[in-house]
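*Asks:* So that you have it, the file is query-v2.tsv, and it contains TSV, C-alpha atoms and all ligand atoms:
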chain	number	residue	atom	x	y	z
A	223	VAL	CA	11.82	-45.70	4.47
A	224	PHE	CA	8.24	-44.52	4.89
A	225	ASP	CA	5.33	-45.80	2.80
A	226	VAL	CA	3.70	-42.37	3.08
A	227	LEU	CA	5.39	-39.19	4.24
A	228	VAL	CA	3.19	-36.13	4.73
A	229	LEU	CA	4.58	-32.59	4.62
A	230	GLY	CA	2.46	-30.29	6.79
A	231	ALA	CA	0.28	-30.88	9.84
A	232	GLY	CA	-2.72	-28.62	9.28
A	233	PRO	CA	-6.21	-30.04	8.56
A	234	ALA	CA	-5.10	-31.54	5.20
A	235	GLY	CA	-1.85	-33.12	6.44
A	236	ALA	CA	-3.33	-34.42	9.70
A	237	THR	CA	-6.20	-36.10	7.85
A	238	ALA	CA	-3.87	-37.57	5.23
A	239	ALA	CA	-1.70	-39.06	8.00
A	240	ILE	CA	-4.73	-40.56	9.79
A	241	TYR	CA	-6.07	-42.15	6.59
A	242	ALA	CA	-2.63	-43.53	5.64
A	243	ALA	CA	-1.97	-44.95	9.12
A	244	ARG	CA	-5.40	-46.58	9.17
A	245	LYS	CA	-4.41	-48.50	6.02
A	246	GLY	CA	-1.53	-50.01	8.02
A	247	LEU	CA	1.06	-47.97	6.08
A	248	ARG	CA	4.29	-46.79	7.67
A	249	THR	CA	3.44	-43.09	7.94
A	250	GLY	CA	5.41	-40.03	8.92
A	251	ILE	CA	4.48	-36.35	9.17
A	252	VAL	CA	6.92	-33.44	8.92
A	253	ALA	CA	5.73	-29.99	9.99
A	254	GLU	CA	7.04	-26.58	10.73
A	255	ARG	CA	4.14	-26.06	13.15
A	256	LEU	CA	1.61	-28.65	14.32
A	257	GLY	CA	-2.02	-27.72	13.62
A	258	GLY	CA	-1.42	-25.22	10.79
A	259	GLN	CA	-3.44	-22.05	10.23
A	260	VAL	CA	-6.19	-23.07	12.66
A	261	ASN	CA	-3.80	-21.99	15.42
A	262	GLU	CA	-4.33	-18.41	14.26
A	263	THR	CA	-8.12	-18.55	14.48
A	264	ALA	CA	-9.96	-17.59	17.65
A	265	ASP	CA	-13.43	-18.91	16.81
A	266	ILE	CA	-14.32	-21.28	14.00
A	267	GLU	CA	-18.06	-21.32	13.31
A	268	ASN	CA	-18.23	-23.40	10.10
A	269	PHE	CA	-16.80	-26.72	11.23
A	270	THR	CA	-19.78	-29.02	10.79
A	271	SER	CA	-21.03	-30.49	14.08
A	272	GLN	CA	-19.41	-27.76	16.24
A	273	LEU	CA	-21.36	-24.49	16.55
A	274	LYS	CA	-18.19	-22.76	17.68
A	275	VAL	CA	-14.73	-24.19	18.19
A	276	ASP	CA	-11.53	-22.55	19.34
A	277	GLY	CA	-8.83	-22.81	16.63
A	278	PRO	CA	-5.85	-23.87	18.78
A	279	ALA	CA	-8.07	-26.46	20.53
A	280	LEU	CA	-9.08	-27.88	17.14
A	281	GLY	CA	-5.41	-27.98	16.05
A	282	SER	CA	-4.47	-29.89	19.22
A	283	ALA	CA	-7.37	-32.31	18.66
A	284	PHE	CA	-6.12	-32.98	15.10
A	285	MET	CA	-2.66	-33.84	16.45
A	286	ARG	CA	-4.00	-36.06	19.28
A	287	HIS	CA	-5.90	-38.01	16.63
A	288	VAL	CA	-2.76	-38.33	14.45
A	289	GLN	CA	-0.64	-39.42	17.41
A	290	SER	CA	-3.20	-42.04	18.50
A	291	TYR	CA	-2.22	-43.95	15.33
A	292	GLY	CA	1.49	-43.89	16.15
A	293	VAL	CA	2.41	-41.68	13.20
A	294	ASP	CA	6.09	-40.65	13.32
A	295	THR	CA	5.91	-36.90	13.94
A	296	ILE	CA	8.91	-34.79	12.98
A	297	SER	CA	8.36	-31.19	14.13
A	298	PRO	CA	9.43	-28.44	14.11
A	299	ALA	CA	11.01	-29.28	10.77
A	300	VAL	CA	10.88	-27.48	7.43
A	301	ALA	CA	11.05	-29.32	4.11
A	302	ASP	CA	13.42	-27.52	1.81
A	303	SER	CA	13.32	-29.60	-1.39
A	304	VAL	CA	12.20	-32.98	-2.71
A	305	GLU	CA	13.76	-35.22	-5.29
A	306	ARG	CA	12.87	-38.57	-6.88
A	307	THR	CA	15.88	-40.82	-6.69
A	308	GLU	CA	16.96	-43.56	-9.10
A	309	ASP	CA	15.61	-46.29	-6.81
A	310	GLY	CA	12.11	-44.85	-7.28
A	311	LEU	CA	11.84	-43.27	-3.83
A	312	TRP	CA	11.26	-39.64	-2.87
A	313	ARG	CA	14.00	-37.98	-0.87
A	314	VAL	CA	12.96	-35.00	1.27
A	315	ARG	CA	15.68	-32.64	2.35
A	316	LEU	CA	14.97	-30.65	5.53
A	317	GLU	CA	16.32	-27.21	6.32
A	318	SER	CA	18.36	-28.81	9.12
A	319	GLY	CA	20.22	-30.83	6.48
A	320	ALA	CA	18.56	-34.13	7.47
A	321	GLU	CA	17.05	-36.32	4.74
A	322	LEU	CA	14.00	-38.60	4.78
A	323	ARG	CA	13.05	-41.28	2.24
A	324	THR	CA	9.58	-42.40	1.30
A	325	LYS	CA	7.72	-44.44	-1.32
A	326	THR	CA	4.95	-41.86	-1.66
A	327	LEU	CA	4.83	-38.24	-0.62
A	328	ILE	CA	1.89	-35.97	0.21
A	329	GLY	CA	2.41	-32.20	0.15
A	330	ALA	CA	-0.01	-30.41	2.51
A	331	THR	CA	2.02	-27.34	3.38
A	332	GLY	CA	-0.86	-24.84	3.26
A	333	ALA	CA	-0.64	-21.14	2.64
A	334	ARG	CA	-0.14	-17.81	4.37
A	335	TRP	CA	-2.05	-14.56	3.87
A	336	ARG	CA	-0.05	-11.68	2.46
A	337	THR	CA	-0.01	-9.02	5.16
A	338	LEU	CA	0.09	-5.23	4.85
A	339	GLY	CA	3.07	-4.96	7.19
A	340	VAL	CA	1.79	-1.73	8.76
A	341	PRO	CA	1.67	-0.82	12.49
A	342	GLY	CA	-1.37	-2.24	14.29
A	343	GLU	CA	-1.90	-5.18	11.94
A	344	ASP	CA	-0.38	-7.75	14.31
A	345	ASP	CA	-1.88	-6.10	17.42
A	346	TYR	CA	-5.45	-6.29	16.14
A	347	ARG	CA	-5.29	-9.55	14.17
A	348	GLY	CA	-8.40	-11.50	15.19
A	349	LYS	CA	-9.63	-8.34	17.00
A	350	GLY	CA	-10.95	-6.59	13.92
A	351	VAL	CA	-8.19	-7.35	11.44
A	352	ALA	CA	-9.31	-10.34	9.35
A	353	TYR	CA	-8.24	-12.15	6.21
A	354	CYS	CA	-11.05	-14.57	5.39
A	355	PRO	CA	-14.55	-13.22	4.63
A	356	HIS	CA	-16.13	-16.72	4.54
A	357	CYS	CA	-14.73	-17.33	8.02
A	358	ASP	CA	-15.09	-14.02	9.81
A	359	GLY	CA	-17.67	-12.01	7.79
A	360	PRO	CA	-20.62	-13.00	10.03
A	361	LEU	CA	-18.74	-11.72	13.12
A	362	PHE	CA	-19.21	-8.18	11.72
A	363	LYS	CA	-22.96	-8.38	11.10
A	364	GLY	CA	-24.51	-4.89	11.09
A	365	LYS	CA	-21.13	-3.15	11.51
A	366	ASP	CA	-19.01	-0.87	9.33
A	367	VAL	CA	-16.08	-2.68	7.71
A	368	ALA	CA	-13.39	-2.08	5.11
A	369	VAL	CA	-11.76	-4.32	2.55
A	370	ILE	CA	-8.19	-3.56	1.57
A	371	GLY	CA	-7.40	-4.69	-1.98
A	372	GLY	CA	-9.28	-4.28	-5.25
A	373	GLY	CA	-8.48	-7.50	-7.11
A	374	ASN	CA	-10.94	-10.36	-7.55
A	375	SER	CA	-10.71	-11.54	-3.95
A	376	GLY	CA	-11.09	-8.01	-2.55
A	377	VAL	CA	-14.11	-7.20	-4.67
A	378	GLU	CA	-15.70	-10.62	-3.99
A	379	ALA	CA	-15.14	-10.03	-0.27
A	380	ALA	CA	-16.76	-6.57	-0.48
A	381	ILE	CA	-19.84	-7.99	-2.27
A	382	ASP	CA	-20.10	-10.78	0.30
A	383	LEU	CA	-19.70	-8.38	3.25
A	384	ALA	CA	-22.18	-5.85	1.81
A	385	GLY	CA	-24.88	-8.49	2.38
A	386	ILE	CA	-23.95	-8.88	6.05
A	387	CYS	CA	-22.51	-5.57	7.28
A	388	ARG	CA	-23.95	-2.06	7.58
A	389	SER	CA	-21.38	-0.57	5.22
A	390	VAL	CA	-18.32	-1.69	3.30
A	391	THR	CA	-15.54	0.60	2.12
A	392	LEU	CA	-13.05	-0.86	-0.31
A	393	LEU	CA	-9.62	0.78	-0.27
A	394	GLN	CA	-7.54	0.22	-3.41
A	395	ARG	CA	-3.91	1.27	-3.80
A	396	GLY	CA	-4.00	1.92	-7.55
A	397	SER	CA	-6.15	4.19	-9.68
A	398	ALA	CA	-8.58	1.43	-10.73
A	399	LEU	CA	-9.98	-1.86	-9.45
A	400	THR	CA	-8.34	-4.85	-11.12
A	401	ALA	CA	-11.17	-7.33	-10.49
A	402	ASP	CA	-13.19	-8.85	-13.35
A	403	GLU	CA	-15.72	-6.46	-14.91
A	404	VAL	CA	-18.69	-8.58	-13.83
A	405	LEU	CA	-17.60	-8.37	-10.17
A	406	GLN	CA	-17.02	-4.61	-10.40
A	407	LYS	CA	-20.55	-4.14	-11.78
A	408	ARG	CA	-21.97	-6.29	-9.02
A	409	LEU	CA	-20.14	-4.23	-6.39
A	410	ALA	CA	-21.32	-0.97	-7.94
A	411	ALA	CA	-24.89	-2.20	-7.48
A	412	CYS	CA	-24.37	-2.67	-3.71
A	413	LYS	CA	-25.90	0.47	-2.14
A	414	ASN	CA	-23.92	0.20	1.09
A	415	ALA	CA	-20.51	-0.23	-0.61
A	416	THR	CA	-18.05	2.57	-1.44
A	417	VAL	CA	-14.76	2.35	-3.32
A	418	ILE	CA	-11.85	4.69	-2.57
A	419	LEU	CA	-9.00	4.57	-5.09
A	420	ASN	CA	-5.37	5.76	-4.78
A	421	THR	CA	-4.95	5.01	-1.11
A	422	ALA	CA	-1.87	4.06	0.89
A	423	VAL	CA	-2.76	2.43	4.21
A	424	SER	CA	-0.34	3.64	6.88
A	425	SER	CA	-1.65	1.99	10.07
A	426	LEU	CA	-4.48	0.08	11.66
A	427	GLU	CA	-5.70	1.88	14.75
A	428	GLY	CA	-7.41	0.58	17.86
A	429	ASP	CA	-8.30	1.31	21.46
A	430	GLY	CA	-5.96	-1.31	22.87
A	431	GLN	CA	-8.69	-3.97	22.73
A	432	THR	CA	-10.15	-3.91	19.22
A	433	LEU	CA	-9.71	-2.20	15.88
A	434	THR	CA	-11.37	1.20	15.56
A	435	GLY	CA	-10.13	2.50	12.22
A	436	ILE	CA	-7.73	2.62	9.31
A	437	ARG	CA	-5.32	5.50	8.68
A	438	TYR	CA	-4.44	6.07	5.05
A	439	THR	CA	-3.06	8.70	2.73
A	440	ASP	CA	-5.21	9.86	-0.15
A	441	LYS	CA	-2.50	9.77	-2.81
A	442	THR	CA	-4.45	12.14	-5.08
A	443	THR	CA	-4.47	15.00	-2.57
A	444	GLY	CA	-1.70	13.91	-0.19
A	445	GLU	CA	-4.15	14.20	2.71
A	446	ASP	CA	-3.99	11.82	5.71
A	447	LYS	CA	-7.39	10.39	6.60
A	448	THR	CA	-8.94	7.98	9.09
A	449	LEU	CA	-11.77	5.62	8.23
A	450	SER	CA	-13.72	4.42	11.29
A	451	VAL	CA	-14.43	0.69	11.00
A	452	ALA	CA	-14.91	-2.30	13.29
A	453	GLY	CA	-13.38	-4.69	10.78
A	454	ALA	CA	-10.64	-4.57	8.14
A	455	PHE	CA	-10.39	-7.48	5.69
A	456	VAL	CA	-6.93	-7.60	4.14
A	457	GLN	CA	-7.29	-9.09	0.64
A	458	ILE	CA	-3.94	-8.61	-1.02
A	459	GLY	CA	-3.13	-12.24	-1.74
A	460	LEU	CA	-2.72	-15.74	-0.36
A	461	ILE	CA	0.79	-17.16	-0.76
A	462	PRO	CA	1.01	-20.96	-0.99
A	463	ASN	CA	3.90	-22.57	0.93
A	464	THR	CA	5.21	-24.43	-2.11
A	465	GLU	CA	8.83	-23.27	-2.31
A	466	TRP	CA	9.87	-26.92	-1.69
A	467	ALA	CA	8.11	-27.94	-4.93
A	468	ALA	CA	9.82	-25.40	-7.19
A	469	GLY	CA	11.32	-27.08	-10.23
A	470	THR	CA	9.81	-30.47	-9.32
A	471	LEU	CA	6.05	-29.99	-9.62
A	472	GLU	CA	3.78	-28.08	-11.97
A	473	ARG	CA	2.50	-24.94	-10.24
A	474	ASN	CA	0.05	-22.35	-11.58
A	475	ALA	CA	0.54	-18.59	-11.91
A	476	TRP	CA	-0.11	-18.17	-8.16
A	477	ASN	CA	2.41	-20.91	-7.26
A	478	GLU	CA	-0.33	-23.31	-6.22
A	479	ILE	CA	0.47	-26.97	-6.93
A	480	VAL	CA	-1.72	-28.20	-9.78
A	481	VAL	CA	-3.69	-31.31	-8.76
A	482	ASP	CA	-6.37	-33.43	-10.42
A	483	SER	CA	-9.60	-34.62	-8.78
A	484	ARG	CA	-7.62	-37.40	-7.03
A	485	CYS	CA	-4.97	-35.03	-5.63
A	486	ARG	CA	-2.37	-36.35	-8.09
A	487	THR	CA	0.35	-33.85	-9.05
A	488	SER	CA	2.53	-33.71	-12.17
A	489	ALA	CA	5.00	-36.13	-10.51
A	490	GLU	CA	4.70	-39.88	-9.95
A	491	ALA	CA	3.86	-40.98	-6.39
A	492	LEU	CA	3.58	-37.40	-5.15
A	493	PHE	CA	0.16	-36.12	-4.10
A	494	ALA	CA	-0.92	-32.76	-2.70
A	495	ALA	CA	-3.88	-31.49	-0.68
A	496	GLY	CA	-5.40	-28.37	0.83
A	497	ASP	CA	-4.41	-24.71	0.61
A	498	CYS	CA	-1.07	-25.39	-1.12
A	499	THR	CA	-2.94	-26.67	-4.20
A	500	ASP	CA	-5.15	-25.11	-6.86
A	501	VAL	CA	-8.30	-26.55	-5.25
A	502	PRO	CA	-10.87	-23.74	-5.10
A	503	TYR	CA	-12.03	-22.25	-1.78
A	504	LYS	CA	-9.48	-22.43	1.00
A	505	GLN	CA	-11.39	-23.74	4.00
A	506	ILE	CA	-10.83	-26.24	6.83
A	507	VAL	CA	-13.55	-28.68	5.79
A	508	ILE	CA	-12.24	-28.64	2.22
A	509	ALA	CA	-8.64	-29.26	3.36
A	510	LEU	CA	-9.83	-32.20	5.51
A	511	GLY	CA	-11.53	-33.84	2.53
A	512	GLU	CA	-8.59	-33.20	0.22
A	513	GLY	CA	-6.21	-34.75	2.78
A	514	ALA	CA	-8.31	-37.91	2.88
A	515	LYS	CA	-8.35	-38.08	-0.93
A	516	ALA	CA	-4.57	-37.66	-1.18
A	517	ALA	CA	-3.95	-40.50	1.31
A	518	LEU	CA	-6.37	-42.82	-0.48
A	519	SER	CA	-4.64	-42.01	-3.78
A	520	ALA	CA	-1.25	-42.76	-2.22
A	521	PHE	CA	-2.63	-46.11	-0.96
A	522	ASP	CA	-3.99	-46.83	-4.43
A	523	TRP	CA	-0.60	-46.03	-5.96
A	524	LEU	CA	1.18	-48.36	-3.50
A	525	ILE	CA	-1.07	-51.36	-4.17
A	526	ARG	CA	-0.59	-50.94	-7.92
A	527	ASN	CA	3.14	-50.27	-7.94
A	528	GLU	CA	4.64	-52.31	-5.08
A	601	LIG	P1	-2.39	-25.14	6.79
A	601	LIG	O1	-3.41	-25.08	7.84
A	601	LIG	O2	-1.79	-23.89	6.29
A	601	LIG	O3	-1.22	-26.10	7.33
A	601	LIG	C1	0.01	-26.20	6.67
A	601	LIG	C2	1.00	-27.01	7.47
A	601	LIG	O4	2.21	-27.13	6.73
A	601	LIG	C3	1.41	-26.42	8.81
A	601	LIG	O5	1.65	-27.47	9.72
A	601	LIG	C4	2.73	-25.69	8.47
A	601	LIG	O6	3.56	-25.48	9.59
A	601	LIG	C5	3.33	-26.71	7.52
A	601	LIG	N1	4.37	-26.25	6.60
A	601	LIG	C6	4.36	-25.19	5.75
A	601	LIG	N2	5.48	-25.16	5.00
A	601	LIG	C7	6.21	-26.25	5.39
A	601	LIG	C8	7.47	-26.80	4.97
A	601	LIG	N3	8.18	-26.27	3.98
A	601	LIG	N4	7.91	-27.90	5.60
A	601	LIG	C9	7.20	-28.50	6.60
A	601	LIG	N5	6.01	-28.02	7.02
A	601	LIG	C10	5.52	-26.92	6.41
A	601	LIG	N6	-11.18	-21.81	7.47
A	601	LIG	C11	-12.42	-22.20	7.83
A	601	LIG	O7	-12.93	-23.17	7.27
A	601	LIG	N7	-13.09	-21.53	8.82
A	601	LIG	C12	-12.57	-20.49	9.52
A	601	LIG	O8	-13.22	-19.89	10.38
A	601	LIG	C13	-11.24	-20.06	9.15
A	601	LIG	N8	-10.67	-18.98	9.76
A	601	LIG	C14	-9.39	-18.63	9.43
A	601	LIG	C15	-8.81	-17.57	10.12
A	601	LIG	C16	-7.50	-17.23	9.87
A	601	LIG	C17	-6.88	-16.09	10.65
A	601	LIG	C18	-6.74	-17.95	8.90
A	601	LIG	C19	-5.30	-17.61	8.65
A	601	LIG	C20	-7.34	-18.98	8.18
A	601	LIG	C21	-8.67	-19.33	8.42
A	601	LIG	N9	-9.31	-20.37	7.74
A	601	LIG	C22	-10.57	-20.77	8.11
A	601	LIG	C23	-8.64	-21.09	6.64
A	601	LIG	C24	-8.14	-22.47	7.11
A	601	LIG	O9	-7.40	-22.30	8.30
A	601	LIG	C25	-7.27	-23.11	6.02
A	601	LIG	O10	-8.05	-23.26	4.83
A	601	LIG	C26	-6.79	-24.50	6.44
A	601	LIG	O11	-6.06	-24.43	7.65
A	601	LIG	C27	-5.90	-25.11	5.35
A	601	LIG	O12	-5.40	-26.32	5.79
A	601	LIG	P2	-4.06	-26.95	5.19
A	601	LIG	O13	-3.85	-28.20	5.96
A	601	LIG	O14	-4.18	-27.03	3.72
A	601	LIG	O15	-2.91	-25.89	5.48
Written as structure tokens, that's how I'd like the structure from this file.

*Replies:*
Amino acid sequence: VFDVLVLGAGPAGATAAIYAARKGLRTGIVAERLGGQVNETADIENFTSQLKVDGPALGSAFMRHVQSYGVDTISPAVADSVERTEDGLWRVRLESGAELRTKTLIGATGARWRTLGVPGEDDYRGKGVAYCPHCDGPLFKGKDVAVIGGGNSGVEAAIDLAGICRSVTLLQRGSALTADEVLQKRLAACKNATVILNTAVSSLEGDGQTLTGIRYTDKTTGEDKTLSVAGAFVQIGLIPNTEWAAGTLERNAWNEIVVDSRCRTSAEALFAAGDCTDVPYKQIVIALGEGAKAALSAFDWLIRNE
């Protein structure tokens, strides 16, 4: 039986495991993939103290730090469901059928960006195709970019990018933007931003090295068009990996686990941290801090309830 079992080994889970182990608690970490989303990032330029760090290298450094504390690492392993048993423990069922038992549980299973699923998207990911304007916006300084998606995150991204890039074109599938009125007005005031409605993106084009443009159908006229851009920010949703929490924990309309300021969830002795929660702004430094908070809350729970 673990004192603390952490689900997920991205920035939030790794930090939670380090904090728990440093309290002398019997700690385990279960992860589908060690390191989390940072593995998908070429250059990270907003990790305080490092001007530029390579994502996979940062992910490996997280795991070396976790392993230096002798944390039991179970990976690759996917948590399927969790249940609080009559003896007051949490039982975690893995996809393999194996079960783990723990006094406290920390969910740090992160999120995944919703992808367009069109040709070229995988080929040019990180080579023009981007998902996070806070992360990658500055890489496109002075260039022409597009944002795909006209909800709040798409329009916010377009406003943000208009301040950095030469031009921003927002492509929306429907006949109107769905973002809040105040954001739409703000975007309309950006002189270098254009909105094109009724579009269906068919492929992301490149020269073999980097993205060069977006092919789309103008659904009003049926015409096929190409928009020349150096960057395409796909903003059609972030999906939290919280399927394991369905029916057990309170989740919001976007399926994010609802947490309070101490990373407590709606269930006793179960804490959550990082991109899988409703904490605003999904960033590495935020996930690190949330992971630390969740572990300290688990420690606090143990000293009060043991
Ligand atoms: P994640 O990193 O998503 O880690 C989740 C962990 O949980 C992984 O180990 C995963 O395998 C595991 N997992 C998921 N489901 C299960 C399950 N059911 N059972 C077991 N394990 C599971 N942020 C920045 O601050 N700066 C950047 O420059 C930056 N660039 C980015 C570029 C890209 C392409 C992407 C995708 C993201 C970027 N981000 C950036 C965002 C940042 O990576 C995330 O905010 C951060 O990784 C979230 O950390 P996390 O620990 O909450 O989740």

*Asks:* Skipping near chain neighbours, those fewer than 6 positions away, what residues fall within 10 Å of Thr442 of chain A using all atoms listed in the file, listed as a list in words?

*Replies:*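 Here the answer would be Ser397, Leu419, Asn420 and Thr421 of chain A.
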
*Asks:* Got time to write the residues from that selection, C-alpha atoms, as an mmCIF file, in the coordinates of the input?

*Replies:*
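Here's the written file part.cif:
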data_model
loop_
_atom_site.group_PDB
_atom_site.id
_atom_site.type_symbol
_atom_site.label_atom_id
_atom_site.label_comp_id
_atom_site.auth_asym_id
_atom_site.auth_seq_id
_atom_site.Cartn_x
_atom_site.Cartn_y
_atom_site.Cartn_z
ATOM 1 C CA SER A 397 -6.150 4.190 -9.680
ATOM 2 C CA LEU A 419 -9.000 4.570 -5.090
ATOM 3 C CA ASN A 420 -5.370 5.760 -4.780
ATOM 4 C CA THR A 421 -4.950 5.010 -1.110
#

*Asks:* Write out as number ranges by chain which residues come within 12 Å of Ala410 of chain A when counting all atoms listed in the file, dropping same-chain ones fewer than 5 positions away.

*Replies:* A: 377-378, 380-381, 384, 390-392, 399, 403-405, 415-417

*Asks:* Of the candidates A:Thr324, A:Ser303, A:Ser318, A:Gln272, which shows the shortest atom-to-atom distance to Gly469 of chain A, using only C-alpha atoms?

*Replies:*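 Of A:Thr324, A:Ser303, A:Ser318, A:Gln272, the one nearest Gly469 of chain A is A:Ser303, counting only C-alpha atoms.
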
*Asks:* Which one of A:Leu322, A:Tyr241, A:Asp358, A:Glu262 sits closest to Phe224 of chain A if you count all atoms listed in the file?

*Replies:*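 The shortest atom-to-atom distance to Phe224 of chain A comes from A:Leu322.
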
*Asks:* Using only C-alpha atoms, can you tell me which of A:Asp294, A:Val226, A:Asp276, A:Gln394 comes closest to Arg313 of chain A?

*Replies:*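 Nearest candidate to Arg313 of chain A out of A:Asp294, A:Val226, A:Asp276, A:Gln394: A:Val226.
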
*Asks:* Have a look at A:Gly348, A:Val300, A:Glu445, A:Ala509 and name the one nearest to Gly277 of chain A; count all atoms listed in the file.

*Replies:*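 Ranking A:Gly348, A:Val300, A:Glu445, A:Ala509 by distance to Gly277 of chain A, first place goes to A:Gly348.
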
*Asks:* Just checking: using only C-alpha atoms, which residue out of A:Asp302, A:Ala475, A:Tyr353, A:Asp225 ends up closest to Ile458 of chain A?

*Replies:*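 Among the listed residues, the smallest separation from Ile458 of chain A belongs to A:Tyr353.
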
*Asks:* Within 12 Å of (-5.0, 11.3, 8.8) (coordinates as in the file), grab all the protein and nucleic acid residues, counting all atoms listed in the file, and write them out as a list in words.

*Replies:*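 So the residues meeting the distance criterion are Thr421, Ala422, Val423, Ser424, Ser425, Leu426, Glu427, Gly435, Ile436, Arg437, Tyr438, Thr439, Asp440, Lys441, Thr443, Gly444, Glu445, Asp446, Lys447, Thr448, Leu449 and Ser450 of chain A.
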
*Asks:* Take atom CA of Ile461 of chain A and atom CA of Arg336 of chain A and report the distance between them in Å, one decimal.

*Replies:* 6.4 Å

*Asks:* What separation in Å, quoted to one decimal, exists between atom CA of Ser282 of chain A and atom CA of Val501 of chain A?

*Replies:*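 About the pair atom CA of Ser282 of chain A and atom CA of Val501 of chain A: they are 25.0 Å apart.
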
*Asks:* Counting only C-alpha atoms and all ligand atoms, which residue out of A:Cys485, A:Ala239, A:Ala333, A:Ile296 sits closest to ligand LIG 601 (chain A)?

*Replies:* A:Ala333
